[in-house]
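J.: Dropping in structure27.cif, with mmCIF, C-alpha atoms, pLDDT in the B column; chains and numbers go by the auth columns.
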data_query
#
loop_
_atom_site.group_PDB
_atom_site.id
_atom_site.type_symbol
_atom_site.label_atom_id
_atom_site.label_comp_id
_atom_site.label_asym_id
_atom_site.label_seq_id
_atom_site.Cartn_x
_atom_site.Cartn_y
_atom_site.Cartn_z
_atom_site.B_iso_or_equiv
_atom_site.auth_seq_id
_atom_site.auth_asym_id
ATOM 1 C CA MET A 1 19.389 -1.750 -20.565 39.00 1 A
ATOM 2 C CA THR A 2 22.634 -0.001 -19.795 42.00 2 A
ATOM 3 C CA ASP A 3 23.212 2.375 -16.905 49.00 3 A
ATOM 4 C CA ASP A 4 23.494 5.410 -19.180 44.00 4 A
ATOM 5 C CA GLN A 5 20.049 4.958 -20.728 42.00 5 A
ATOM 6 C CA PRO A 6 17.322 7.068 -19.118 50.00 6 A
ATOM 7 C CA THR A 7 14.616 5.153 -17.334 79.00 7 A
ATOM 8 C CA SER A 8 10.974 6.085 -17.303 89.00 8 A
ATOM 9 C CA PRO A 9 9.964 7.809 -14.109 96.00 9 A
ATOM 10 C CA GLU A 10 8.038 5.794 -11.577 97.00 10 A
ATOM 11 C CA GLY A 11 5.160 6.828 -9.374 98.00 11 A
ATOM 12 C CA LEU A 12 4.413 6.844 -5.679 97.00 12 A
ATOM 13 C CA LEU A 13 0.983 6.477 -4.128 97.00 13 A
ATOM 14 C CA SER A 14 0.144 7.425 -0.565 97.00 14 A
ATOM 15 C CA SER A 15 -3.197 5.779 0.181 95.00 15 A
ATOM 16 C CA SER A 16 -4.551 3.157 2.521 93.00 16 A
ATOM 17 C CA ASP A 17 -7.756 2.726 0.518 94.00 17 A
ATOM 18 C CA PHE A 18 -7.535 -0.809 -0.852 95.00 18 A
ATOM 19 C CA PHE A 19 -9.912 -0.087 -3.748 93.00 19 A
ATOM 20 C CA PHE A 20 -8.027 2.945 -5.068 91.00 20 A
ATOM 21 C CA THR A 21 -4.614 1.467 -4.400 96.00 21 A
ATOM 22 C CA THR A 22 -5.511 -1.628 -6.391 97.00 22 A
ATOM 23 C CA ARG A 23 -7.060 0.404 -9.193 96.00 23 A
ATOM 24 C CA ILE A 24 -4.061 2.731 -9.535 97.00 24 A
ATOM 25 C CA VAL A 25 -1.379 0.041 -9.277 97.00 25 A
ATOM 26 C CA ASP A 26 -3.205 -2.315 -11.657 98.00 26 A
ATOM 27 C CA THR A 27 -3.800 0.462 -14.196 98.00 27 A
ATOM 28 C CA ALA A 28 -0.127 1.435 -14.049 98.00 28 A
ATOM 29 C CA THR A 29 0.914 -2.181 -14.551 97.00 29 A
ATOM 30 C CA ALA A 30 -1.404 -2.512 -17.562 98.00 30 A
ATOM 31 C CA LEU A 31 0.284 0.575 -19.037 97.00 31 A
ATOM 32 C CA SER A 32 3.763 -0.863 -18.318 97.00 32 A
ATOM 33 C CA LYS A 33 4.306 1.832 -15.698 97.00 33 A
ATOM 34 C CA SER A 34 5.486 1.361 -12.138 97.00 34 A
ATOM 35 C CA VAL A 35 3.704 2.784 -9.084 98.00 35 A
ATOM 36 C CA HIS A 36 4.917 2.046 -5.558 97.00 36 A
ATOM 37 C CA VAL A 37 2.759 2.370 -2.467 97.00 37 A
ATOM 38 C CA ALA A 38 4.439 4.474 0.206 95.00 38 A
ATOM 39 C CA SER A 39 2.398 5.145 3.308 88.00 39 A
ATOM 40 C CA ASP A 40 4.970 6.916 5.474 92.00 40 A
ATOM 41 C CA ILE A 41 7.489 9.666 4.915 93.00 41 A
ATOM 42 C CA THR A 42 10.498 7.403 5.491 94.00 42 A
ATOM 43 C CA ALA A 43 9.419 5.121 2.654 94.00 43 A
ATOM 44 C CA ILE A 44 8.818 8.127 0.402 96.00 44 A
ATOM 45 C CA HIS A 45 12.303 9.502 1.082 95.00 45 A
ATOM 46 C CA LYS A 46 13.882 6.094 0.357 96.00 46 A
ATOM 47 C CA LYS A 47 12.059 5.802 -2.948 96.00 47 A
ATOM 48 C CA LEU A 48 12.987 9.351 -3.957 96.00 48 A
ATOM 49 C CA GLU A 49 16.643 8.762 -3.110 95.00 49 A
ATOM 50 C CA HIS A 50 16.970 5.454 -4.943 94.00 50 A
ATOM 51 C CA ARG A 51 14.538 5.639 -7.854 94.00 51 A
ATOM 52 C CA HIS A 52 13.544 8.033 -10.623 95.00 52 A
ATOM 53 C CA ILE A 53 10.182 9.184 -9.214 97.00 53 A
ATOM 54 C CA GLY A 54 8.178 11.556 -11.377 97.00 54 A
ATOM 55 C CA LEU A 55 4.763 11.470 -9.736 98.00 55 A
ATOM 56 C CA TRP A 56 3.455 11.322 -6.189 98.00 56 A
ATOM 57 C CA MET A 57 -0.284 10.747 -5.752 98.00 57 A
ATOM 58 C CA ILE A 58 -1.805 11.572 -2.378 97.00 58 A
ATOM 59 C CA ASP A 59 -5.217 10.260 -1.334 96.00 59 A
ATOM 60 C CA LEU A 60 -6.563 13.070 0.838 96.00 60 A
ATOM 61 C CA ASP A 61 -9.105 10.745 2.449 93.00 61 A
ATOM 62 C CA THR A 62 -6.450 8.440 3.906 91.00 62 A
ATOM 63 C CA ALA A 63 -3.092 10.249 3.684 91.00 63 A
ATOM 64 C CA GLU A 64 -3.888 13.914 4.306 90.00 64 A
ATOM 65 C CA SER A 65 -0.983 14.145 6.762 93.00 65 A
ATOM 66 C CA MET A 66 1.416 13.847 3.809 95.00 66 A
ATOM 67 C CA LEU A 67 0.500 17.374 2.684 95.00 67 A
ATOM 68 C CA SER A 68 2.955 18.794 5.208 95.00 68 A
ATOM 69 C CA GLU A 69 5.783 17.183 3.206 95.00 69 A
ATOM 70 C CA VAL A 70 4.844 18.480 -0.252 96.00 70 A
ATOM 71 C CA ALA A 71 6.699 21.801 -0.204 96.00 71 A
ATOM 72 C CA ASP A 72 9.923 20.292 1.116 96.00 72 A
ATOM 73 C CA LEU A 73 9.935 17.355 -1.290 97.00 73 A
ATOM 74 C CA THR A 74 9.101 19.404 -4.369 96.00 74 A
ATOM 75 C CA ALA A 75 11.855 21.862 -3.426 96.00 75 A
ATOM 76 C CA ASN A 76 14.379 19.019 -3.122 96.00 76 A
ATOM 77 C CA TYR A 77 13.074 17.100 -6.148 96.00 77 A
ATOM 78 C CA PRO A 78 11.995 19.761 -8.671 94.00 78 A
ATOM 79 C CA ASP A 79 10.904 17.194 -11.282 94.00 79 A
ATOM 80 C CA LEU A 80 8.452 15.599 -8.837 97.00 80 A
ATOM 81 C CA GLN A 81 4.828 16.266 -9.734 98.00 81 A
ATOM 82 C CA VAL A 82 2.196 15.886 -7.011 98.00 82 A
ATOM 83 C CA ILE A 83 -1.446 15.030 -7.572 98.00 83 A
ATOM 84 C CA ALA A 84 -3.800 15.093 -4.606 97.00 84 A
ATOM 85 C CA PHE A 85 -7.278 13.630 -4.846 97.00 85 A
ATOM 86 C CA GLY A 86 -10.186 13.407 -2.458 96.00 86 A
ATOM 87 C CA SER A 87 -13.892 13.670 -1.957 94.00 87 A
ATOM 88 C CA HIS A 88 -15.517 16.526 -3.869 94.00 88 A
ATOM 89 C CA VAL A 89 -17.521 17.509 -0.784 93.00 89 A
ATOM 90 C CA GLU A 90 -14.336 18.052 1.262 93.00 90 A
ATOM 91 C CA VAL A 91 -13.764 21.511 -0.220 95.00 91 A
ATOM 92 C CA ALA A 92 -11.520 22.668 2.639 94.00 92 A
ATOM 93 C CA ARG A 93 -9.297 19.610 2.284 94.00 93 A
ATOM 94 C CA LEU A 94 -8.936 20.137 -1.472 96.00 94 A
ATOM 95 C CA LYS A 95 -8.083 23.789 -0.843 97.00 95 A
ATOM 96 C CA GLN A 96 -5.509 22.749 1.759 96.00 96 A
ATOM 97 C CA ALA A 97 -3.847 20.505 -0.852 97.00 97 A
ATOM 98 C CA ARG A 98 -3.615 23.406 -3.302 97.00 98 A
ATOM 99 C CA GLN A 99 -2.107 25.613 -0.610 97.00 99 A
ATOM 100 C CA ALA A 100 0.402 22.879 0.283 97.00 100 A
ATOM 101 C CA GLY A 101 1.816 23.082 -3.237 97.00 101 A
ATOM 102 C CA CYS A 102 0.261 20.108 -5.012 97.00 102 A
ATOM 103 C CA HIS A 103 0.522 20.603 -8.765 97.00 103 A
ATOM 104 C CA LEU A 104 -2.922 19.146 -9.406 98.00 104 A
ATOM 105 C CA VAL A 105 -5.832 18.696 -6.996 98.00 105 A
ATOM 106 C CA VAL A 106 -8.839 16.774 -8.265 98.00 106 A
ATOM 107 C CA PRO A 107 -11.962 15.116 -6.928 97.00 107 A
ATOM 108 C CA ARG A 108 -11.803 11.355 -6.535 95.00 108 A
ATOM 109 C CA SER A 109 -14.156 10.878 -9.511 96.00 109 A
ATOM 110 C CA LYS A 110 -11.835 12.833 -11.834 97.00 110 A
ATOM 111 C CA MET A 111 -8.861 10.837 -10.580 97.00 111 A
ATOM 112 C CA THR A 112 -10.725 7.706 -11.572 95.00 112 A
ATOM 113 C CA THR A 113 -11.785 8.875 -15.026 97.00 113 A
ATOM 114 C CA ASP A 114 -8.461 10.526 -15.937 98.00 114 A
ATOM 115 C CA LEU A 115 -6.084 8.059 -14.262 98.00 115 A
ATOM 116 C CA VAL A 116 -4.747 6.610 -17.521 98.00 116 A
ATOM 117 C CA GLU A 117 -4.052 10.105 -18.856 98.00 117 A
ATOM 118 C CA TYR A 118 -2.233 11.139 -15.653 98.00 118 A
ATOM 119 C CA LEU A 119 -0.074 8.005 -15.599 98.00 119 A
ATOM 120 C CA GLN A 120 0.843 8.358 -19.257 97.00 120 A
ATOM 121 C CA GLU A 121 1.610 12.057 -18.922 96.00 121 A
ATOM 122 C CA TYR A 122 3.647 11.996 -15.707 96.00 122 A
ATOM 123 C CA LEU A 123 5.348 8.627 -16.064 97.00 123 A
ATOM 124 C CA SER A 124 6.658 8.896 -19.626 91.00 124 A
#
Go through the file and emit its structure as structure tokens.
T.:
Amino acid sequence: MTDDQPTSPEGLLSSSDFFFTTRIVDTATALSKSVHVASDITAIHKKLEHRHIGLWMIDLDTAESMLSEVADLTANYPDLQVIAFGSHVEVARLKQARQAGCHLVVPRSKMTTDLVEYLQEYLS
């Protein structure tokens, strides 16, 4: 590949849930997509500065604090899409993610069933 050829965007995942992290990273790998785990804002900034990141997934059950960064990062990286996912019973938390500027906010079960679709759509 030469430097002037566009590369497929990569993904970021902010989650400390081993089960979901493994599921998302393994699914991405099976689809020949790349998803990096970034659990703190410094790591997220480094990835955004040095890679073509098209999708940031935030696990609201383990990385809710990242919501405070959504507006700033999407303003600085307009191509960045943000999906937040969490427990369907945490209605206030899901609402908070929508208000923070996440492009898509879904229950954990929908994230699981539609993961392949999201990775193909946002990382192509």
J.: If we count only C-alpha atoms and set the cut-off at 10 Å, which residues sit around A:Ser16, ignoring sequence neighbours fewer than 4 positions away in its own chain? Please answer as a list in words.
T.: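 What passes the distance filter is Phe20, Thr21, Val37, Ala38, Ser39, Asp59, Asp61, Thr62 and Ala63 of chain A.
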J.: Output the selection as a short mmCIF file (atom, residue, chain, number, x, y, z; two decimals), in the coordinates of the input - C-alpha atoms for each residue.
T.:
data_model
loop_
_atom_site.label_atom_id
_atom_site.label_comp_id
_atom_site.auth_asym_id
_atom_site.auth_seq_id
_atom_site.Cartn_x
_atom_site.Cartn_y
_atom_site.Cartn_z
CA PHE A 20 -8.03 2.94 -5.07
CA THR A 21 -4.61 1.47 -4.40
CA VAL A 37 2.76 2.37 -2.47
CA ALA A 38 4.44 4.47 0.21
CA SER A 39 2.40 5.14 3.31
CA ASP A 59 -5.22 10.26 -1.33
CA ASP A 61 -9.10 10.74 2.45
CA THR A 62 -6.45 8.44 3.91
CA ALA A 63 -3.09 10.25 3.68
#
J.: Evaluating the PyMOL selection byres ((chain A and resi 81) around 7) on the displayed file yields which residues, as a ChimeraX atom specification?
T.: /A:54-56,79-80,82-83,103
J.: I would like the residues chosen by the PyMOL selection byres ((chain A and resi 120-124) around 8) on the shown file; could you give them as number ranges by chain?
T.: A: 8-11, 31, 33, 54-55, 81, 116-119
J.: Please, could you write that set of residues out with C-alpha atoms as a compact mmCIF listing (two decimals), in the frame of the given file?
T.:
# COMPACT_ATOMS: atom_id res chain seq x y z
CA SER A 8 10.97 6.08 -17.30
CA PRO A 9 9.96 7.81 -14.11
CA GLU A 10 8.04 5.79 -11.58
CA GLY A 11 5.16 6.83 -9.37
CA LEU A 31 0.28 0.57 -19.04
CA LYS A 33 4.31 1.83 -15.70
CA GLY A 54 8.18 11.56 -11.38
CA LEU A 55 4.76 11.47 -9.74
CA GLN A 81 4.83 16.27 -9.73
CA VAL A 116 -4.75 6.61 -17.52
CA GLU A 117 -4.05 10.10 -18.86
CA TYR A 118 -2.23 11.14 -15.65
CA LEU A 119 -0.07 8.01 -15.60
J.: Determine the residue membership of the PyMOL selection byres ((chain A and resi 71) around 12) for the file above and supply it as a PDB file with C-alpha atoms, in the frame of the given file.
T.:
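New file expr.pdb:
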ATOM      1  CA  MET A  66       1.416  13.847   3.809  1.00 95.00           C
ATOM      2  CA  LEU A  67       0.500  17.374   2.684  1.00 95.00           C
ATOM      3  CA  SER A  68       2.955  18.794   5.208  1.00 95.00           C
ATOM      4  CA  GLU A  69       5.783  17.183   3.206  1.00 95.00           C
ATOM      5  CA  VAL A  70       4.844  18.480  -0.252  1.00 96.00           C
ATOM      6  CA  ASP A  72       9.923  20.292   1.116  1.00 96.00           C
ATOM      7  CA  LEU A  73       9.935  17.355  -1.290  1.00 97.00           C
ATOM      8  CA  THR A  74       9.101  19.404  -4.369  1.00 96.00           C
ATOM      9  CA  ALA A  75      11.855  21.862  -3.426  1.00 96.00           C
ATOM     10  CA  ASN A  76      14.379  19.019  -3.122  1.00 96.00           C
ATOM     11  CA  TYR A  77      13.074  17.100  -6.148  1.00 96.00           C
ATOM     12  CA  PRO A  78      11.995  19.761  -8.671  1.00 94.00           C
ATOM     13  CA  LEU A  80       8.452  15.599  -8.837  1.00 97.00           C
ATOM     14  CA  GLN A  81       4.828  16.266  -9.734  1.00 98.00           C
ATOM     15  CA  VAL A  82       2.196  15.886  -7.011  1.00 98.00           C
ATOM     16  CA  ALA A  97      -3.847  20.505  -0.852  1.00 97.00           C
ATOM     17  CA  ARG A  98      -3.615  23.406  -3.302  1.00 97.00           C
ATOM     18  CA  GLN A  99      -2.107  25.613  -0.610  1.00 97.00           C
ATOM     19  CA  ALA A 100       0.402  22.879   0.283  1.00 97.00           C
ATOM     20  CA  GLY A 101       1.816  23.082  -3.237  1.00 97.00           C
ATOM     21  CA  CYS A 102       0.261  20.108  -5.012  1.00 97.00           C
ATOM     22  CA  HIS A 103       0.522  20.603  -8.765  1.00 97.00           C
TER      23      HIS A 103
END
J.: Determine the nearest neighbour of A:Ser109 from the options A:Gly86, A:Ile44, A:Arg23, A:His50, counting all atoms listed in the file.
T.: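 Closest residue, counting all atoms listed in the file: A:Gly86.
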J.: Any idea what the distance is between atom CA of A:Arg93 and atom CA of A:Glu64?
T.: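 It comes out at 8.1 Å.
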J.: Tell me which protein, DNA and RNA residues are within 10 Å of A:His88, counting all atoms listed in the file, leaving out same-chain ones fewer than 3 positions away, and put them as a list in words.
T.: Phe85, Val91, Ala92, Arg93, Leu94, Val106, Pro107, Arg108, Ser109 and Lys110 of chain A
